[in-house]
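Chemist: Have a peek at query23.cif (mmCIF, C-alpha atoms).
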data_start
#
loop_
_atom_site.label_atom_id
_atom_site.label_comp_id
_atom_site.auth_asym_id
_atom_site.auth_seq_id
_atom_site.Cartn_x
_atom_site.Cartn_y
_atom_site.Cartn_z
CA MET U 14 20.79 -37.14 65.74
CA ALA U 15 22.22 -33.76 66.65
CA PHE U 16 25.24 -32.14 65.02
CA ASN U 17 28.27 -30.95 66.96
CA ILE U 18 29.47 -27.82 65.18
CA LEU U 19 32.70 -25.87 65.44
CA VAL U 20 32.53 -22.15 64.55
CA VAL U 21 35.92 -20.61 63.71
CA ASP U 22 36.08 -16.83 63.26
CA ASP U 23 38.28 -14.17 64.83
CA SER U 24 35.24 -11.94 65.32
CA SER U 25 33.24 -12.88 68.41
CA VAL U 26 30.32 -10.91 66.98
CA MET U 27 30.40 -12.95 63.77
CA ARG U 28 30.58 -16.17 65.79
CA ALA U 29 27.49 -15.00 67.68
CA ILE U 30 25.73 -14.23 64.38
CA ILE U 31 26.59 -17.66 62.98
CA ILE U 32 25.41 -19.44 66.13
CA LYS U 33 22.21 -17.38 66.21
CA THR U 34 21.63 -18.25 62.55
CA LEU U 35 22.28 -21.94 63.22
CA ARG U 36 19.61 -21.90 65.92
CA LEU U 37 17.18 -20.18 63.53
CA SER U 38 17.91 -22.73 60.83
CA GLN U 39 16.05 -25.46 62.77
CA LEU U 40 18.90 -27.92 62.32
CA PRO U 41 19.28 -30.30 65.27
CA LEU U 42 22.25 -28.87 67.17
CA GLY U 43 24.36 -30.68 69.72
CA GLU U 44 27.45 -29.02 71.14
CA VAL U 45 28.54 -25.76 69.50
CA TYR U 46 32.27 -25.08 69.95
CA GLU U 47 34.00 -21.79 69.19
CA ALA U 48 37.54 -20.89 68.17
CA SER U 49 39.02 -17.53 67.19
CA ASN U 50 41.68 -18.82 64.79
CA GLY U 51 42.77 -21.96 62.96
CA GLN U 52 45.29 -22.99 65.60
CA ASP U 53 42.73 -22.94 68.41
CA ALA U 54 40.26 -24.75 66.16
CA LEU U 55 42.69 -27.64 65.59
CA LYS U 56 43.02 -27.99 69.37
CA VAL U 57 39.24 -28.17 69.73
CA LEU U 58 39.17 -30.86 67.05
CA GLU U 59 41.82 -32.89 68.89
CA ASP U 60 39.68 -33.06 72.02
CA ASN U 61 36.11 -33.20 70.71
CA TRP U 62 33.95 -34.97 68.16
CA VAL U 63 32.85 -32.40 65.58
CA ASP U 64 30.41 -33.16 62.75
CA LEU U 65 30.96 -29.90 60.88
CA ALA U 66 33.35 -26.93 60.98
CA LEU U 67 32.30 -23.47 59.82
CA VAL U 68 35.53 -21.61 59.09
CA ASP U 69 36.44 -18.02 58.22
CA ILE U 70 39.42 -17.50 55.89
CA ASN U 71 40.94 -14.24 57.00
CA MET U 72 42.10 -14.73 60.61
CA PRO U 73 45.24 -13.91 62.60
CA VAL U 74 47.61 -16.60 64.01
CA MET U 75 46.43 -19.26 61.53
CA ASP U 76 44.07 -18.51 58.65
CA GLY U 77 41.31 -20.77 57.39
CA GLU U 78 43.19 -22.10 54.36
CA GLU U 79 46.13 -23.27 56.48
CA MET U 80 43.74 -24.76 59.05
CA ILE U 81 41.92 -26.80 56.39
CA LYS U 82 45.24 -27.97 54.94
CA ARG U 83 46.41 -29.25 58.35
CA LEU U 84 43.01 -30.71 59.15
CA ARG U 85 43.10 -32.74 55.92
CA GLN U 86 46.66 -33.94 56.64
CA ASN U 87 45.65 -35.45 59.99
CA PRO U 88 43.98 -38.87 59.54
CA ALA U 89 41.86 -38.26 62.66
CA THR U 90 40.30 -35.09 61.20
CA ALA U 91 40.76 -35.55 57.46
CA ASP U 92 37.09 -36.33 56.86
CA VAL U 93 35.53 -33.57 58.96
CA PRO U 94 33.17 -31.61 56.67
CA VAL U 95 34.12 -27.94 56.35
CA ILE U 96 32.16 -24.91 55.17
CA ILE U 97 34.03 -21.68 54.53
CA VAL U 98 32.10 -18.65 55.82
CA SER U 99 33.79 -15.64 54.28
CA THR U 100 33.53 -12.38 52.38
CA GLU U 101 35.86 -13.85 49.72
CA GLY U 102 34.66 -12.85 46.28
CA SER U 103 37.25 -14.39 43.99
CA GLU U 104 35.80 -17.35 42.11
CA THR U 105 39.35 -18.56 41.55
CA ARG U 106 40.10 -18.71 45.27
CA ILE U 107 36.66 -20.11 46.16
CA GLY U 108 37.07 -22.78 43.48
CA GLY U 109 40.39 -23.83 44.98
CA LEU U 110 38.79 -24.22 48.41
CA VAL U 111 35.83 -26.16 47.03
CA GLN U 112 38.27 -28.49 45.27
CA LYS U 113 39.70 -29.29 48.70
CA GLY U 114 36.26 -30.52 49.70
CA ALA U 115 34.96 -27.43 51.46
CA GLY U 116 31.54 -25.86 51.02
CA PHE U 117 31.25 -22.10 50.78
CA VAL U 118 28.80 -19.53 52.10
CA HIS U 119 29.23 -15.83 51.51
CA LYS U 120 28.94 -13.17 54.24
CA PRO U 121 26.40 -11.80 54.84
CA PHE U 122 24.15 -14.86 54.71
CA THR U 123 20.58 -15.82 55.58
CA PRO U 124 19.42 -18.75 57.76
CA GLU U 125 18.09 -20.35 54.57
CA SER U 126 21.38 -20.11 52.68
CA LEU U 127 23.38 -21.41 55.65
CA ARG U 128 20.95 -24.27 56.21
CA GLY U 129 21.05 -25.14 52.50
CA ILE U 130 24.82 -25.34 52.30
CA ILE U 131 25.01 -27.31 55.56
CA LEU U 132 22.57 -29.91 54.28
CA LYS U 133 24.38 -30.07 50.95
CA THR U 134 27.78 -30.42 52.61
CA LEU U 135 26.72 -33.06 55.11
CA GLY U 136 24.97 -34.89 52.29
CA GLY U 137 22.38 -37.64 52.46
CA LEU U 138 20.32 -35.85 55.06
CA ASN U 139 16.59 -35.70 54.65
CA GLU U 140 15.58 -32.05 54.44
CA GLN U 141 12.17 -32.67 55.97
CA LYS U 142 13.60 -34.62 58.91
CA ALA U 143 16.14 -31.86 59.55
CA GLY U 144 13.34 -29.31 59.44
CA ASP U 145 11.15 -31.01 62.04
CA GLY U 146 14.10 -31.93 64.27
CA THR U 147 13.62 -35.68 63.93
CA LEU U 148 17.13 -36.42 62.73
CA MET G 16 34.81 10.69 42.28
CA ASN G 17 35.09 7.50 40.27
CA LYS G 18 31.55 6.35 39.50
CA LYS G 19 32.28 2.61 39.44
CA LEU G 20 34.11 2.69 42.75
CA GLU G 21 31.34 4.80 44.27
CA THR G 22 28.60 2.48 43.01
CA GLU G 23 30.27 -0.69 44.24
CA LEU G 24 31.12 0.85 47.61
CA TYR G 25 27.50 1.97 48.05
CA LYS G 26 26.11 -1.47 47.09
CA ALA G 27 28.46 -3.28 49.47
CA ALA G 28 27.83 -0.86 52.35
CA THR G 29 24.06 -1.02 51.91
CA LEU G 30 24.18 -4.82 51.91
CA ALA G 31 26.30 -4.91 55.07
CA PHE G 32 24.27 -2.38 57.07
CA GLU G 33 20.94 -3.89 56.01
CA GLU G 34 21.79 -7.58 56.38
CA LEU G 35 24.02 -7.37 59.46
CA GLY G 36 22.90 -4.23 61.28
CA PHE G 37 19.23 -4.20 60.27
CA LEU G 38 19.48 -0.49 59.44
CA LEU G 39 18.44 1.09 56.17
CA PRO G 40 21.16 3.41 54.90
CA SER G 41 20.26 6.49 52.90
CA LEU G 42 22.38 8.70 50.69
CA GLU G 43 20.25 11.61 51.92
CA VAL G 44 21.82 12.80 55.15
CA ASN G 45 19.71 15.10 57.35
CA GLU G 46 21.06 17.83 59.59
CA GLN G 47 21.10 15.67 62.73
CA GLN G 48 23.02 12.94 60.92
CA LEU G 49 25.38 15.47 59.36
CA ASN G 50 26.27 16.95 62.75
CA ALA G 51 26.76 13.57 64.42
CA GLN G 52 30.17 13.20 66.06
CA VAL G 53 32.57 10.41 65.12
CA GLU G 54 32.41 7.61 67.71
CA ALA G 55 34.70 4.99 66.17
CA ALA G 56 36.50 4.09 62.97
CA ALA G 57 37.88 0.87 61.50
CA SER G 58 39.91 0.11 58.42
CA VAL G 59 41.02 -2.77 56.28
CA GLU G 60 43.82 -2.85 53.70
CA PHE G 61 43.82 -4.85 50.48
CA ASP G 62 46.32 -5.73 47.78
CA GLY G 63 45.72 -7.47 44.46
CA PRO G 64 44.77 -6.21 40.99
CA PHE G 65 44.82 -2.84 42.73
CA SER G 66 45.57 -1.93 46.30
CA GLY G 67 44.27 0.40 48.94
CA LYS G 68 42.39 0.83 52.16
CA LEU G 69 38.78 1.19 53.23
CA LEU G 70 38.00 3.30 56.29
CA VAL G 71 34.56 3.21 57.91
CA ARG G 72 33.63 5.81 60.53
CA ILE G 73 30.49 5.46 62.60
CA CYS G 74 28.98 8.65 63.98
CA GLY G 75 26.19 9.67 66.33
CA GLY G 76 26.12 6.94 68.98
CA ILE G 77 24.59 4.26 66.77
CA LEU G 78 27.33 1.63 67.15
CA PRO G 79 25.71 0.03 70.24
CA THR G 80 22.45 -0.35 68.28
CA ILE G 81 24.22 -1.82 65.25
CA THR G 82 26.11 -4.27 67.46
CA ALA G 83 23.02 -5.32 69.41
CA ASN G 84 21.13 -5.84 66.14
CA MET G 85 23.95 -7.94 64.72
CA MET G 86 24.05 -10.16 67.80
CA GLY G 87 20.31 -10.33 68.37
CA GLU G 88 20.80 -8.92 71.87
CA GLU G 89 18.64 -6.37 73.66
CA GLU G 90 21.25 -5.24 76.17
CA VAL G 91 23.96 -2.73 75.25
CA PRO G 92 27.03 -4.72 74.16
CA SER G 93 30.47 -3.98 75.63
CA LYS G 94 32.83 -1.58 73.90
CA ASN G 95 35.00 -4.50 72.79
CA LEU G 96 32.03 -6.13 71.10
CA GLN G 97 31.08 -2.81 69.48
CA TYR G 98 34.58 -2.46 68.03
CA ASP G 99 34.48 -6.10 66.94
CA ALA G 100 31.17 -5.43 65.16
CA LEU G 101 32.59 -2.38 63.39
CA THR G 102 35.68 -4.22 62.17
CA GLU G 103 33.48 -7.05 60.90
CA ILE G 104 31.18 -4.63 59.04
CA THR G 105 34.26 -3.02 57.50
CA ASN G 106 35.52 -6.45 56.46
CA VAL G 107 32.16 -7.40 54.90
CA ILE G 108 31.89 -4.10 53.00
CA CYS G 109 35.42 -4.49 51.63
CA GLY G 110 34.97 -8.16 50.73
CA ASN G 111 31.77 -7.48 48.83
CA MET G 112 33.08 -4.34 47.13
CA LEU G 113 36.32 -5.71 45.65
CA PRO G 114 34.86 -8.31 43.24
CA GLY G 115 32.32 -5.74 42.07
CA ILE G 116 35.21 -3.49 41.01
CA ALA G 117 37.82 -5.99 39.84
CA GLY G 118 35.63 -8.88 38.68
CA SER G 119 35.24 -12.29 40.24
CA THR G 120 38.56 -13.73 39.07
CA GLY G 121 40.89 -11.22 40.72
CA ILE G 122 42.49 -12.41 43.93
CA PHE G 123 42.98 -9.89 46.73
CA HIS G 124 44.92 -10.32 49.92
CA VAL G 125 42.89 -8.57 52.59
CA SER G 126 44.39 -7.65 55.96
CA VAL G 127 42.71 -8.39 59.26
CA PRO G 128 40.51 -5.30 59.88
CA LYS G 129 41.46 -3.09 62.82
CA MET G 130 40.25 -0.06 64.72
CA ASP G 131 41.68 3.07 63.09
CA GLU G 132 42.32 6.52 64.52
CA SER G 133 44.09 7.97 61.48
CA PHE G 134 41.52 10.64 60.75
CA ASN G 135 43.95 12.89 58.88
CA LEU G 136 44.66 10.96 55.71
CA LEU G 137 45.34 11.89 52.12
CA PRO G 138 42.15 12.70 50.21
CA PRO G 139 40.23 9.48 49.43
CA VAL G 140 39.26 8.48 45.90
CA VAL G 141 35.70 7.99 47.10
CA GLU G 142 34.14 9.58 50.17
CA MET G 143 30.52 8.81 50.95
CA GLN G 144 28.15 9.61 53.78
CA LEU G 145 25.20 7.38 54.57
CA GLY G 146 22.41 8.38 56.93
CA LEU G 147 21.81 5.62 59.49
CA GLY G 148 19.00 6.12 61.99
CA GLN G 149 20.01 9.04 64.21
CA GLY G 150 23.59 8.83 63.07
CA ARG G 151 25.78 8.43 60.04
CA ALA G 152 28.41 6.23 58.45
CA ASP G 153 31.32 7.76 56.56
CA LEU G 154 32.97 5.55 53.96
CA LEU G 155 36.40 6.55 52.69
CA LEU G 156 38.10 4.53 49.96
CA PHE G 157 41.79 4.98 49.15
CA VAL G 158 43.19 3.12 46.15
CA SER G 159 46.33 2.90 44.06
CA LYS G 160 47.27 0.89 40.96
CA TYR G 161 43.62 1.04 39.82
CA SER G 162 43.47 1.44 36.04
CA GLY G 163 40.00 3.00 36.20
CA LEU G 164 41.55 6.14 37.71
CA GLU G 165 43.83 6.80 34.74
CA GLY G 166 42.94 9.35 32.10
#
How does the structure come out when it is put into structure tokens?

Modeler:
Amino acid sequence: MAFNILVVDDSSVMRAIIIKTLRLSQLPLGEVYEASNGQDALKVLEDNWVDLALVDINMPVMDGEEMIKRLRQNPATADVPVIIVSTEGSETRIGGLVQKGAGFVHKPFTPESLRGIILKTLGGLNEQKAGDGTL
Amino acid sequence: MNKKLETELYKAATLAFEELGFLLPSLEVNEQQLNAQVEAAASVEFDGPFSGKLLVRICGGILPTITANMMGEEEVPSKNLQYDALTEITNVICGNMLPGIAGSTGIFHVSVPKMDESFNLLPPVVEMQLGLGQGRADLLLFVSKYSGLEG
């Protein structure tokens, strides 16, 4: 099984870093979609099956918090797992996002920390299987 | 300069340049680094328990190297990607600095970082130079409503 992942960040360099890190993490990747803001990300989700969304908070047009709110309101996308990838340092704000069912990884991150939070967020995955690509 | 602001800015900048740019910053700036010309600057504004702006200037032609390192590319990235990389580094420095200063419960609203050409600003509260390879990074922090500055 391979994961289709949506990477949402207004920085194309950060999207490249995240995708590079995903490839280093040895997780079985399927399609990797990109969006530069929450509005574009919701369009991608309308047209494609996505197993996981990695979402920045601070973006123009539509920020990550608003995107997650709308994603949860739509029955077709309400259950898509989300991980916030952000520089946010406020435990109060992070706690609010986690309460909405999102995971959180802090920028900058390592392949190990990203892989760990992905496995935790997707839940029920066998770490060893993910590591040897047999999922 | 305010010691706490200086310490947190240095920690955040070191983390960003090391983890994202794979460069080891140094507070000791040699003559070549000191004479390096400004190539680009980016800033980000924040508002919360205190407010202000962080400006990061990159000097000495090292932005292509930083960008290529961040992206894992060997070819020289386009100017747009270089500016994108600089705004993201500025964002990461700011995001990691603020909780170090204000604590982890304070909520800041941080603007989308942008390229900045306002080189003639009021004196910053903290101004720091970091040696980076053959070049240099200048970090300028402007704050208001910060209680640590009183007295």

Chemist: Rank U:Ile97, U:Val26, U:Met80, U:Leu55 by their smallest atom-to-atom distance to chain G, using all atoms listed in the file, and report the top residue only.

Modeler: U:Val26

Chemist: Measuring between only C-alpha atoms, which one of U:Leu127, U:Val118, U:Ala89, U:Leu110 shows the shortest distance to U:Asp60?

Modeler: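 Between U:Leu127, U:Val118, U:Ala89, U:Leu110, the residue approaching U:Asp60 most closely is U:Ala89.
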
Chemist: I need the residue set behind the PyMOL selection byres ((chain U and resi 101) around 9) for this file; please write it as a PyMOL selection string.

Modeler: (chain U and resi 70-71+98-100+102-104+106-107+119-120) or (chain G and resi 110-111+114+122-123)

Chemist: If I take atom CA of G:Leu113 and atom CA of G:Lys68, how far is one from the other in Å, to one decimal?

Modeler: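 If I compute the distance from atom CA of G:Leu113 to atom CA of G:Lys68, I get 11.0 Å.
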
Chemist: Could you list the residues in chain G lying within 10 Å of chain U, using all atoms listed in the file, and format the result as a ChimeraX atom specification?

Modeler: /G:30-35,82-88,95-104,106-115,117-128
